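What follows is the content of coords.txt (compact mmCIF, C-alpha atoms).
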# COMPACT_ATOMS: atom_id res chain seq x y z
CA MET X 1 -21.05 42.15 -39.01
CA GLU X 2 -20.85 39.10 -36.84
CA ILE X 3 -17.47 38.06 -35.47
CA PRO X 4 -17.07 34.28 -35.41
CA ALA X 5 -16.35 32.63 -32.06
CA ILE X 6 -13.11 31.21 -33.35
CA VAL X 7 -11.67 34.73 -33.64
CA GLY X 8 -12.38 35.26 -29.97
CA ALA X 9 -10.70 31.96 -29.14
CA GLY X 10 -7.70 33.08 -31.17
CA LEU X 11 -7.51 36.35 -29.23
CA VAL X 12 -7.66 34.47 -25.93
CA VAL X 13 -4.89 32.14 -27.06
CA ILE X 14 -2.75 35.16 -28.03
CA GLY X 15 -3.36 36.59 -24.58
CA ALA X 16 -2.50 33.31 -22.88
CA GLY X 17 0.63 33.03 -25.01
CA ILE X 18 1.78 36.52 -24.02
CA GLY X 19 1.06 35.69 -20.40
CA ILE X 20 3.00 32.44 -20.36
CA GLY X 21 5.81 34.10 -22.31
CA ARG X 22 6.08 36.85 -19.73
CA ILE X 23 6.09 34.33 -16.89
CA GLY X 24 8.85 32.34 -18.59
CA GLY X 25 10.89 35.48 -19.34
CA SER X 26 10.58 36.81 -15.81
CA ALA X 27 11.53 33.41 -14.40
CA MET X 28 14.65 33.45 -16.60
CA ASP X 29 15.58 36.90 -15.26
CA ALA X 30 14.99 35.74 -11.72
CA ILE X 31 17.10 32.60 -12.20
CA ALA X 32 19.89 34.67 -13.75
CA ARG X 33 19.87 36.93 -10.69
CA GLN X 34 19.59 34.20 -8.11
CA PRO X 35 20.69 30.87 -9.54
CA GLU X 36 20.51 29.27 -6.08
CA ALA X 37 16.73 29.79 -6.01
CA THR X 38 16.17 27.99 -9.34
CA GLY X 39 14.04 25.20 -7.88
CA LYS X 40 11.62 27.49 -6.10
CA ILE X 41 11.32 29.83 -9.07
CA GLN X 42 10.62 26.96 -11.43
CA THR X 43 7.84 25.61 -9.21
CA ALA X 44 6.18 29.00 -8.96
CA MET X 45 6.60 29.50 -12.72
CA LEU X 46 4.96 26.18 -13.57
CA ILE X 47 2.02 26.81 -11.25
CA ALA X 48 1.40 30.28 -12.69
CA ALA X 49 1.76 29.00 -16.25
CA ALA X 50 -0.69 26.16 -15.53
CA LEU X 51 -3.27 28.62 -14.21
CA ILE X 52 -3.07 30.74 -17.38
CA GLU X 53 -3.14 27.65 -19.55
CA GLY X 54 -6.48 26.74 -17.99
CA ILE X 55 -7.99 30.00 -19.32
CA GLY X 56 -6.63 29.25 -22.79
CA PHE X 57 -8.22 25.82 -22.79
CA ALA X 58 -11.50 27.18 -21.49
CA ALA X 59 -11.59 29.47 -24.54
CA LEU X 60 -10.76 26.62 -26.92
CA PHE X 61 -13.52 24.45 -25.50
CA ALA X 62 -16.04 27.26 -25.62
CA VAL X 63 -15.78 27.35 -29.43
CA MET A 1 32.27 4.59 -35.14
CA ARG A 2 32.56 4.55 -38.92
CA ARG A 3 29.66 2.19 -39.17
CA LYS A 4 27.46 4.55 -37.22
CA ILE A 5 28.11 7.41 -39.65
CA SER A 6 27.45 5.32 -42.72
CA LEU A 7 24.06 4.35 -41.35
CA LYS A 8 22.82 7.92 -41.49
CA PRO A 9 22.35 8.29 -45.26
CA ILE A 10 20.66 4.91 -45.40
CA THR A 11 18.17 5.90 -42.73
CA LEU A 12 17.50 9.18 -44.47
CA PHE A 13 17.03 7.38 -47.78
CA LEU A 14 14.58 4.93 -46.23
CA LEU A 15 12.64 7.79 -44.67
CA LEU A 16 12.42 9.62 -47.97
CA ILE A 17 11.29 6.46 -49.76
CA THR A 18 8.49 6.10 -47.24
CA PHE A 19 7.31 9.63 -47.80
CA VAL A 20 7.50 9.42 -51.56
CA SER A 21 5.39 6.29 -51.48
CA PHE A 22 2.88 7.99 -49.18
CA GLY A 23 2.79 10.93 -51.52
CA GLN A 24 2.10 8.76 -54.55
CA GLU A 25 -0.73 6.98 -52.82
CA GLY A 26 -2.92 10.04 -52.76
CA HIS A 27 -2.61 11.13 -56.40
CA GLY A 28 -6.34 10.76 -56.89
CA ASP A 29 -9.00 13.32 -57.69
CA GLY A 30 -10.36 15.94 -55.30
CA GLU A 31 -13.10 13.68 -54.00
CA GLN A 32 -10.63 11.15 -52.68
CA LYS A 33 -8.79 13.92 -50.88
CA THR A 34 -11.87 15.00 -48.93
CA ASP A 35 -12.57 11.35 -48.16
CA LEU A 36 -9.14 11.03 -46.63
CA LYS A 37 -9.74 14.14 -44.54
CA THR A 38 -13.06 12.90 -43.17
CA GLU A 39 -11.45 9.53 -42.50
CA ILE A 40 -8.71 11.18 -40.46
CA LYS A 41 -11.30 13.24 -38.59
CA GLU A 42 -13.30 10.13 -37.78
CA TYR A 43 -10.18 8.31 -36.71
CA ILE A 44 -9.26 11.10 -34.27
CA GLN A 45 -12.83 11.12 -32.94
CA HIS A 46 -12.66 7.39 -32.48
CA HIS A 47 -9.29 7.61 -30.77
CA LEU A 48 -10.57 10.11 -28.24
CA GLN A 49 -13.62 8.02 -27.36
CA ASP A 50 -13.97 5.19 -24.93
CA SER A 51 -15.01 1.90 -26.48
CA TYR A 52 -16.45 -1.46 -25.48
CA ASP A 53 -13.75 -3.58 -27.08
CA PHE A 54 -10.00 -3.42 -26.90
CA SER A 55 -9.03 -2.91 -30.53
CA LEU A 56 -5.46 -2.18 -31.47
CA THR A 57 -5.96 -1.65 -35.15
CA SER A 58 -8.23 -2.57 -38.04
CA TYR A 59 -7.65 -2.97 -41.74
CA THR A 60 -9.60 -3.95 -44.83
CA LYS A 61 -8.56 -7.03 -46.75
CA ASP A 62 -8.46 -7.08 -50.55
CA SER A 63 -11.64 -9.15 -50.47
CA GLY A 64 -13.39 -6.22 -48.75
CA GLU A 65 -13.55 -7.90 -45.36
CA HIS A 66 -12.87 -5.63 -42.38
CA VAL A 67 -10.46 -7.25 -39.93
CA TYR A 68 -10.12 -6.04 -36.34
CA VAL A 69 -7.06 -6.79 -34.22
CA GLY A 70 -7.91 -6.89 -30.53
CA PHE A 71 -10.16 -8.62 -28.05
CA PRO A 72 -13.65 -8.00 -26.64
CA LEU A 73 -14.29 -6.83 -23.07
CA PRO A 74 -17.23 -7.69 -20.79
CA VAL A 75 -20.34 -5.52 -20.95
CA ILE A 76 -22.22 -5.22 -17.64
CA LEU A 77 -25.66 -3.64 -17.78
CA TRP A 78 -28.38 -3.10 -15.20
CA ASP A 79 -31.70 -3.20 -17.02
CA ASN A 80 -34.37 -4.82 -14.79
CA GLY A 81 -31.70 -7.23 -13.64
CA LEU A 82 -28.01 -7.72 -14.16
CA LYS A 83 -26.95 -8.52 -17.71
CA VAL A 84 -23.41 -9.58 -18.46
CA PHE A 85 -22.22 -10.44 -21.95
CA SER A 86 -19.20 -10.11 -24.18
CA SER A 87 -18.84 -7.00 -26.31
CA SER A 88 -18.14 -9.26 -29.30
CA LYS A 89 -21.94 -9.48 -29.62
CA PHE A 90 -21.94 -5.92 -30.94
CA HIS A 91 -19.52 -6.83 -33.72
CA HIS A 92 -17.63 -3.55 -33.20
CA GLY A 93 -20.82 -1.54 -33.05
CA GLU A 94 -22.05 -2.84 -36.39
CA SER A 95 -24.87 -5.05 -35.15
CA VAL A 96 -27.52 -5.26 -32.44
CA ALA A 97 -26.80 -7.53 -29.46
CA GLU A 98 -29.62 -9.72 -28.12
CA VAL A 99 -29.54 -10.64 -24.43
CA ASP A 100 -32.47 -12.40 -22.69
CA GLY A 101 -34.96 -10.97 -25.16
CA ASN A 102 -33.62 -7.42 -24.91
CA PHE A 103 -31.84 -5.69 -27.77
CA TYR A 104 -28.94 -3.27 -27.34
CA LYS A 105 -27.10 -1.12 -29.83
CA VAL A 106 -23.97 0.98 -29.59
CA HIS A 107 -24.46 4.57 -30.71
CA HIS A 108 -21.64 7.13 -30.37
CA ALA A 109 -19.81 4.80 -27.96
CA LYS A 110 -22.85 4.46 -25.67
CA ILE A 111 -25.27 1.56 -25.28
CA TYR A 112 -28.97 2.15 -26.03
CA LYS A 113 -31.95 -0.16 -25.92
CA VAL A 114 -33.66 -0.81 -29.27
CA ASP A 115 -36.87 -2.61 -30.30
CA GLY A 116 -35.57 -5.55 -32.27
CA VAL A 117 -32.77 -7.02 -34.35
CA HIS A 118 -33.21 -4.24 -36.91
CA GLY A 119 -34.02 -1.62 -34.27
CA GLU A 120 -32.86 1.88 -35.00
CA ILE A 121 -31.69 4.71 -32.78
CA ILE A 122 -34.31 7.48 -32.87
CA GLU A 123 -32.80 10.95 -32.72
CA ASP A 124 -34.52 14.19 -31.80
CA ASP A 125 -33.95 17.52 -33.53
CA SER A 126 -30.67 18.21 -31.75
CA HIS A 127 -29.28 14.76 -32.66
CA HIS A 128 -29.62 13.29 -29.18
CA ALA A 129 -30.78 9.71 -29.10
CA THR A 130 -34.19 9.35 -27.44
CA ASN A 131 -33.86 5.60 -26.84
CA GLU A 132 -33.83 4.21 -23.34
CA LYS A 133 -30.36 3.92 -21.82
CA PRO A 134 -29.64 1.05 -19.43
CA LEU A 135 -27.34 1.63 -16.44
CA ASP A 136 -23.88 0.83 -17.70
CA PHE A 137 -21.16 -0.67 -15.51
CA SER A 138 -19.16 -2.18 -18.36
CA ILE A 139 -15.46 -2.87 -18.27
CA THR A 140 -14.65 -0.53 -21.14
CA LYS A 141 -11.25 0.16 -22.64
CA ASN A 142 -10.59 2.95 -20.13
CA VAL A 143 -11.70 0.88 -17.14
CA PHE A 144 -9.53 -1.96 -18.39
CA LEU A 145 -6.46 0.26 -18.59
CA ILE A 146 -7.13 1.79 -15.16
CA MET A 147 -7.32 -1.71 -13.67
CA MET A 148 -4.15 -2.69 -15.50
CA VAL A 149 -2.23 0.39 -14.33
CA LEU A 150 -3.44 0.01 -10.76
CA SER A 151 -2.44 -3.65 -10.53
CA MET A 152 0.87 -2.80 -12.19
CA MET A 153 1.52 -0.02 -9.69
CA PHE A 154 0.49 -2.24 -6.80
CA ILE A 155 2.86 -5.04 -7.78
CA MET A 156 5.67 -2.59 -8.61
CA PHE A 157 5.53 -0.66 -5.34
CA ARG A 158 4.84 -3.73 -3.19
CA ARG A 159 7.96 -5.37 -4.59
CA MET A 160 9.91 -2.17 -4.06
CA ALA A 161 8.78 -1.99 -0.45
CA SER A 162 9.68 -5.60 0.30
CA GLY A 163 13.01 -5.09 -1.49
CA TYR A 164 13.82 -2.23 0.88
CA GLN A 165 13.02 -4.39 3.89
CA LYS A 166 15.20 -7.25 2.68
CA ASN A 167 18.15 -5.10 1.63
CA GLY A 168 18.22 -3.02 4.78
CA GLY A 169 17.11 0.23 3.13
CA MET A 170 19.12 -0.05 -0.06
CA PRO A 171 17.18 0.34 -3.29
CA LYS A 172 17.58 -2.24 -6.03
CA GLY A 173 16.23 -2.75 -9.52
CA LEU A 174 13.26 -0.52 -10.28
CA GLY A 175 13.68 1.15 -6.92
CA ARG A 176 16.83 2.84 -8.17
CA ILE A 177 14.85 4.64 -10.84
CA LEU A 178 11.79 5.42 -8.77
CA GLU A 179 13.44 6.38 -5.49
CA PRO A 180 14.54 9.84 -6.70
CA ILE A 181 11.02 10.51 -7.98
CA VAL A 182 9.42 9.44 -4.70
CA LEU A 183 11.90 11.59 -2.79
CA TYR A 184 11.22 14.49 -5.15
CA VAL A 185 7.49 14.26 -4.45
CA ARG A 186 8.23 14.21 -0.73
CA ASP A 187 10.92 16.88 -0.49
CA ASP A 188 9.93 19.30 -3.24
CA ILE A 189 6.18 18.91 -3.47
CA ALA A 190 4.78 17.76 -0.12
CA LYS A 191 7.14 19.35 2.42
CA PRO A 192 7.25 22.95 1.14
CA ASN A 193 3.53 23.09 0.33
CA ILE A 194 1.99 21.23 3.27
CA GLY A 195 4.64 21.75 5.91
CA GLU A 196 6.94 19.50 7.93
CA LYS A 197 4.32 18.80 10.56
CA HIS A 198 1.44 17.45 8.49
CA TYR A 199 2.89 16.23 5.20
CA LYS A 200 3.17 12.53 6.13
CA LYS A 201 -0.59 12.02 6.21
CA TYR A 202 -0.93 13.12 2.57
CA MET A 203 2.10 11.40 1.06
CA SER A 204 0.19 8.23 0.10
CA TYR A 205 -2.39 10.17 -1.88
CA LEU A 206 0.14 12.48 -3.53
CA LEU A 207 2.38 9.61 -4.62
CA THR A 208 -0.55 7.55 -5.88
CA VAL A 209 -2.04 10.38 -7.89
CA PHE A 210 1.34 11.41 -9.29
CA PHE A 211 2.29 7.95 -10.51
CA PHE A 212 -1.23 7.12 -11.65
CA VAL A 213 -1.62 10.22 -13.81
CA TRP A 214 1.90 9.92 -15.14
CA ILE A 215 1.70 6.24 -16.12
CA VAL A 216 -1.76 6.62 -17.57
CA ASN A 217 -0.62 9.64 -19.63
CA LEU A 218 2.37 7.66 -20.89
CA PHE A 219 0.08 4.79 -21.90
CA GLY A 220 -1.91 7.28 -23.95
CA LEU A 221 1.21 7.96 -26.02
CA THR A 222 1.94 4.31 -26.80
CA PRO A 223 0.53 2.73 -29.96
CA ILE A 224 -2.08 0.96 -27.79
CA GLY A 225 -3.67 4.36 -27.90
CA ILE A 226 -5.84 4.20 -24.81
CA ASN A 227 -6.26 7.60 -23.49
CA VAL A 228 -7.71 7.60 -20.02
CA THR A 229 -7.12 11.14 -18.80
CA ASN A 230 -8.96 12.64 -21.77
CA ASN A 231 -12.13 11.26 -20.25
CA ILE A 232 -13.55 14.09 -18.15
CA ALA A 233 -15.25 11.61 -15.78
CA ILE A 234 -11.89 10.29 -14.67
CA THR A 235 -10.28 13.68 -14.09
CA PHE A 236 -13.52 14.65 -12.31
CA CYS A 237 -13.10 11.73 -9.90
CA LEU A 238 -9.46 12.57 -9.25
CA ALA A 239 -10.36 16.21 -8.58
CA MET A 240 -13.23 15.11 -6.31
CA ILE A 241 -10.83 13.05 -4.19
CA THR A 242 -8.61 16.12 -3.79
CA TYR A 243 -11.67 18.20 -2.92
CA PHE A 244 -12.87 15.77 -0.26
CA ILE A 245 -9.46 15.41 1.33
CA THR A 246 -9.09 19.20 1.43
CA THR A 247 -12.56 19.71 2.88
CA PHE A 248 -12.33 17.03 5.53
CA SER A 249 -8.85 17.95 6.68
CA GLY A 250 -9.68 21.65 6.91
CA ASN A 251 -8.97 22.99 10.38
CA LYS A 252 -10.49 25.90 12.27
CA ASN A 253 -8.28 28.45 10.51
CA TYR A 254 -9.20 27.18 7.06
CA TRP A 255 -12.94 27.61 7.66
CA LYS A 256 -12.39 30.92 9.39
CA HIS A 257 -10.58 32.22 6.33
CA ILE A 258 -13.47 31.15 4.17
CA PHE A 259 -16.47 32.36 6.15
CA TRP A 260 -15.08 35.20 8.26
CA MET A 261 -11.84 36.44 6.73
CA PRO A 262 -9.74 37.92 9.53
CA GLY A 263 -8.13 41.32 9.15
CA VAL A 264 -10.68 42.95 6.83
CA PRO A 265 -13.63 45.24 7.68
CA VAL A 266 -17.02 43.62 8.31
CA PRO A 267 -18.77 44.61 5.02
CA MET A 268 -15.82 43.16 3.16
CA LYS A 269 -16.10 39.94 5.17
CA ILE A 270 -19.68 39.54 3.99
CA ILE A 271 -18.68 40.07 0.36
CA LEU A 272 -15.69 37.74 0.63
CA ALA A 273 -17.50 34.78 2.19
CA PRO A 274 -19.44 33.66 -0.93
CA ILE A 275 -16.42 34.30 -3.15
CA GLU A 276 -14.19 32.18 -0.93
CA LEU A 277 -16.83 29.47 -0.71
CA LEU A 278 -17.07 29.40 -4.49
CA GLY A 279 -13.30 29.29 -4.62
CA THR A 280 -13.25 25.95 -2.79
CA ILE A 281 -15.24 24.46 -5.69
CA ILE A 282 -13.40 26.31 -8.46
CA LYS A 283 -10.05 24.91 -7.28
CA PRO A 284 -10.83 21.23 -7.92
CA PHE A 285 -12.83 22.24 -11.00
CA SER A 286 -9.73 23.85 -12.53
CA LEU A 287 -7.74 20.72 -11.64
CA MET A 288 -10.27 18.64 -13.57
CA ILE A 289 -10.39 20.91 -16.63
CA ARG A 290 -6.61 21.39 -16.78
CA LEU A 291 -5.70 17.73 -16.91
CA TYR A 292 -8.56 16.83 -19.25
CA ALA A 293 -8.00 19.73 -21.65
CA ASN A 294 -4.22 19.38 -21.79
CA ILE A 295 -4.31 15.73 -22.69
CA THR A 296 -7.24 16.04 -25.11
CA ALA A 297 -5.79 19.05 -26.90
CA GLY A 298 -2.36 17.44 -27.07
CA HIS A 299 -3.75 14.29 -28.62
CA ILE A 300 -5.94 16.13 -31.13
CA VAL A 301 -2.99 18.25 -32.30
CA LEU A 302 -0.59 15.31 -32.43
CA MET A 303 -2.99 13.11 -34.36
CA SER A 304 -3.95 15.91 -36.75
CA ILE A 305 -0.30 16.44 -37.60
CA ILE A 306 0.23 12.71 -38.07
CA GLY A 307 -2.83 12.79 -40.33
CA MET A 308 -1.31 15.67 -42.29
CA MET A 309 1.49 13.34 -43.36
CA PHE A 310 -1.10 11.45 -45.39
CA VAL A 311 -3.00 14.50 -46.63
CA PHE A 312 0.04 16.20 -48.18
CA HIS A 313 0.68 15.02 -51.70
CA ASN A 314 4.37 15.85 -51.81
CA TRP A 315 7.30 14.63 -49.83
CA ILE A 316 8.34 18.08 -48.57
CA GLY A 317 5.07 18.66 -46.75
CA SER A 318 4.92 15.11 -45.50
CA SER A 319 8.45 15.07 -44.15
CA LEU A 320 7.90 18.45 -42.50
CA SER A 321 4.79 17.06 -40.81
CA PHE A 322 6.78 14.03 -39.78
CA VAL A 323 9.42 16.20 -38.09
CA LEU A 324 6.69 18.26 -36.47
CA ALA A 325 4.90 15.14 -35.24
CA PHE A 326 8.16 13.79 -33.86
CA VAL A 327 8.95 16.99 -31.96
CA LEU A 328 5.37 17.24 -30.74
CA GLY A 329 5.57 13.65 -29.57
CA LEU A 330 8.57 14.56 -27.45
CA LEU A 331 6.67 17.58 -26.13
CA GLU A 332 3.75 15.31 -25.23
CA LEU A 333 6.13 13.13 -23.22
CA LEU A 334 7.06 16.25 -21.27
CA VAL A 335 3.41 17.28 -20.90
CA ALA A 336 2.52 13.81 -19.59
CA ALA A 337 4.97 14.25 -16.71
CA LEU A 338 4.26 17.95 -16.28
CA GLN A 339 0.51 17.47 -15.87
CA ALA A 340 1.06 14.75 -13.28
CA TYR A 341 3.43 17.15 -11.49
CA ILE A 342 1.03 20.11 -11.66
CA PHE A 343 -1.87 18.00 -10.40
CA THR A 344 0.21 16.82 -7.45
CA VAL A 345 1.64 20.27 -6.65
CA LEU A 346 -1.76 21.95 -6.70
CA SER A 347 -3.32 19.16 -4.62
CA ALA A 348 -0.51 19.58 -2.09
CA LEU A 349 -1.04 23.35 -2.14
CA TYR A 350 -4.74 22.94 -1.34
CA PHE A 351 -3.99 20.45 1.44
CA GLY A 352 -1.43 22.90 2.76
CA MET A 353 -4.07 25.66 2.87
CA ALA A 354 -6.41 23.36 4.76
CA VAL A 355 -3.96 22.41 7.51
CA GLU A 356 -2.09 25.70 7.79
CA GLU A 357 -1.76 26.97 11.33
CA HIS A 358 -1.65 30.64 12.23
CA ASP A 359 0.30 31.32 15.35
CA HIS A 360 0.66 35.01 14.60
CA ASP A 361 -1.91 37.79 15.01
CA GLU A 362 -4.78 38.41 12.67
CA ALA A 363 -2.94 41.18 10.89
CA HIS A 364 -2.57 40.06 7.30

How would this structure read if it were set down as structure tokens?
Amino acid sequence: MEIPAIVGAGLVVIGAGIGIGRIGGSAMDAIARQPEATGKIQTAMLIAAALIEGIGFAALFAV
Amino acid sequence: MRRKISLKPITLFLLLITFVSFGQEGHGDGEQKTDLKTEIKEYIQHHLQDSYDFSLTSYTKDSGEHVYVGFPLPVILWDNGLKVFSSSKFHHGESVAEVDGNFYKVHHAKIYKVDGVHGEIIEDDSHHATNEKPLDFSITKNVFLIMMVLSMMFIMFRRMASGYQKNGGMPKGLGRILEPIVLYVRDDIAKPNIGEKHYKKYMSYLLTVFFFVWIVNLFGLTPIGINVTNNIAITFCLAMITYFITTFSGNKNYWKHIFWMPGVPVPMKIILAPIELLGTIIKPFSLMIRLYANITAGHIVLMSIIGMMFVFHNWIGSSLSFVLAFVLGLLELLVAALQAYIFTVLSALYFGMAVEEHDHDEAH
């Protein structure tokens, strides 16, 4: 049985979603612990999320 | 205060009326439904493409005449000599343009040379046109918007700068809105990533790229509907500028970390060198893909959901799509700023890597 490419893209998007969710959750924890470092944490969070997002888009465009 | 509250039910009523009328429009047979879907698909395709004329909208009159609202832009071709003519000669891609005995036709938003007035585009098996393609330097919709944004930014920031000189360093007018953003780019993007010592050299590029990407993204969300950053050629050029600045400002340490990574055993150094070298190209490549893909995907999703308002035949589905489109529109506003921010931060990060100085030992 052949698995269509779109299923693979869906799996990648699930993975990317979990990844970005974990980054966001961890950033929340970190901000709750050290509210004074909010700015730095947010920057690092956005950069990491952007890197994962790139993988998600690569999968979408491969379909 | 009371007036404000009484407006709410009226607004809601008007909204519902709109949806009910939309819903009634599509009470045709199944064939009409698929037609609507293909029409929406074509519209999205058209929206994402660059075009030779600046068209805001088009509609069909009762008499069957197709009316376009907009204006033509100049077409500049190099085909055994410079050829300049107005894109109105194409009649919105519907007819062949004749210039100095040569015939040109628009096919999938690109200009091809054809034999005569009734010349056809010849396609091969994989649906690629085999016709000759002249070198194209046309002022297309995207080029037009880039020029517009650049001149707008130039006037805006020149006036701001002269305002600061006249007022003795006090911002006024637009400067009051933009000063915090400029300071944010300097203090939170450039300084921490590049470092106090070198950041000044890169500020002009970082500010330009930040405001350019941001304004262009915002223009993509207006009803003018010109979407520049979903053209991969443009994000490619932006990424190339970042790549060149990084490469040419790289100091001794930067190249040492690429070709002969300090602090690791020699066999590992040999393995790491090609990986690091590839990394220098992957970095701008990911910049290009990220901006392009984010904006393209955002627009496809947003327009599909707007299209769904017309596909649904009941007012529940349509109003749900409307709410979804509204929320997504707000999200796109955020994404427009976020992508400009990410592009600037990552560019600053790469510049920072290039100019970083290592005073300490090679133990890391």

Practice problem: Kindly give the distance, in Å, that separates atom CA of Thr57 of chain A and atom CA of Gly70 of chain A, rounded to a single decimal. | Solution: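 Spanning atom CA of Thr57 of chain A to atom CA of Gly70 of chain A is a straight-line distance of 7.3 Å.
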
Quiz item: Which residue gives the smallest distance to Ile47 of chain X among X:Ile20, X:Leu60, X:Val12, X:Ala5, with all atoms listed in the file counted?
Solution: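 The answer is X:Ile20, which sits nearest to Ile47 of chain X.
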
Quiz item: Any idea which chain A residues end up within 12 Å of chain X if we count only C-alpha atoms, as a PyMOL selection string please?
Solution: chain A and resi 184+187-189+192-193+282-283+285-298+335+338-349

Exercise. For atom CA of Val84 of chain A and atom CA of Leu145 of chain A, determine how far apart the two atoms are, in Å to one decimal place.
Key: 19.6 Å

Quiz item: What does the distance between atom CA of Ile234 of chain A and atom CA of Ile146 of chain A come to in Å, to one decimal place?
Solution: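 So the answer is 9.8 Å.
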
Quiz item: If you count all atoms listed in the file, which residues fall within 12 Å of Ile181 of chain A, apart from same-chain ones fewer than 4 positions away, as a ChimeraX atom specification?
Solution: /A:174-177,185-189,206-207,210-211,214,337,341

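Within 12 Å of segment 123-126 of chain A there are His107, Tyr112 and Glu132 of chain A, counting all atoms listed in the file and ignoring same-chain residues fewer than 6 positions away.
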
Write out as a PDB file with C-alpha atoms, keeping the file's coordinate frame each polymer residue whose atoms come within 12 Å of Gly21 of chain X, counting all atoms listed in the file; drop sequence neighbours fewer than 3 positions from it.
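New file result-v4.pdb:
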ATOM      1  CA  VAL X  13      -4.890  32.140 -27.060  1.00  0.00           C
ATOM      2  CA  ILE X  14      -2.750  35.160 -28.030  1.00  0.00           C
ATOM      3  CA  GLY X  15      -3.360  36.590 -24.580  1.00  0.00           C
ATOM      4  CA  ALA X  16      -2.500  33.310 -22.880  1.00  0.00           C
ATOM      5  CA  GLY X  17       0.630  33.030 -25.010  1.00  0.00           C
ATOM      6  CA  ILE X  18       1.780  36.520 -24.020  1.00  0.00           C
ATOM      7  CA  GLY X  24       8.850  32.340 -18.590  1.00  0.00           C
ATOM      8  CA  GLY X  25      10.890  35.480 -19.340  1.00  0.00           C
ATOM      9  CA  SER X  26      10.580  36.810 -15.810  1.00  0.00           C
ATOM     10  CA  ALA X  27      11.530  33.410 -14.400  1.00  0.00           C
ATOM     11  CA  MET X  28      14.650  33.450 -16.600  1.00  0.00           C
ATOM     12  CA  MET X  45       6.600  29.500 -12.720  1.00  0.00           C
ATOM     13  CA  LEU X  46       4.960  26.180 -13.570  1.00  0.00           C
ATOM     14  CA  ALA X  48       1.400  30.280 -12.690  1.00  0.00           C
ATOM     15  CA  ALA X  49       1.760  29.000 -16.250  1.00  0.00           C
ATOM     16  CA  ILE X  52      -3.070  30.740 -17.380  1.00  0.00           C
ATOM     17  CA  GLU X  53      -3.140  27.650 -19.550  1.00  0.00           C
TER      18      GLU X  53
END

Please provide as a CSV table (one decimal) with C-alpha atoms, in the frame of the given file all residues within 7 Å of segment 245-251 of chain A, with the sequence filter that same-chain residues fewer than 4 positions apart are discarded (counting all atoms listed in the file).
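The result, stored in result.csv:
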chain,number,residue,atom,x,y,z
A,241,ILE,CA,-10.8,13.0,-4.2
A,255,TRP,CA,-12.9,27.6,7.7
A,350,TYR,CA,-4.7,22.9,-1.3
A,351,PHE,CA,-4.0,20.4,1.4
A,354,ALA,CA,-6.4,23.4,4.8
A,355,VAL,CA,-4.0,22.4,7.5

Practice problem: Could you give me, as a PyMOL selection string, the residues within 9 Å of Ala30 of chain X, counting all atoms listed in the file and dropping anything in the same chain fewer than 6 positions from it? | Solution: chain X and resi 37-38+41

Quiz prompt | Residue list as JSON, numbers by chain for point (-11.5, 10.1, -29.6), cut-off 9 Å, all atoms listed in the file | solution = {"A": [42, 43, 44, 45, 46, 47, 48, 49, 50, 227, 230, 296, 299, 300]}
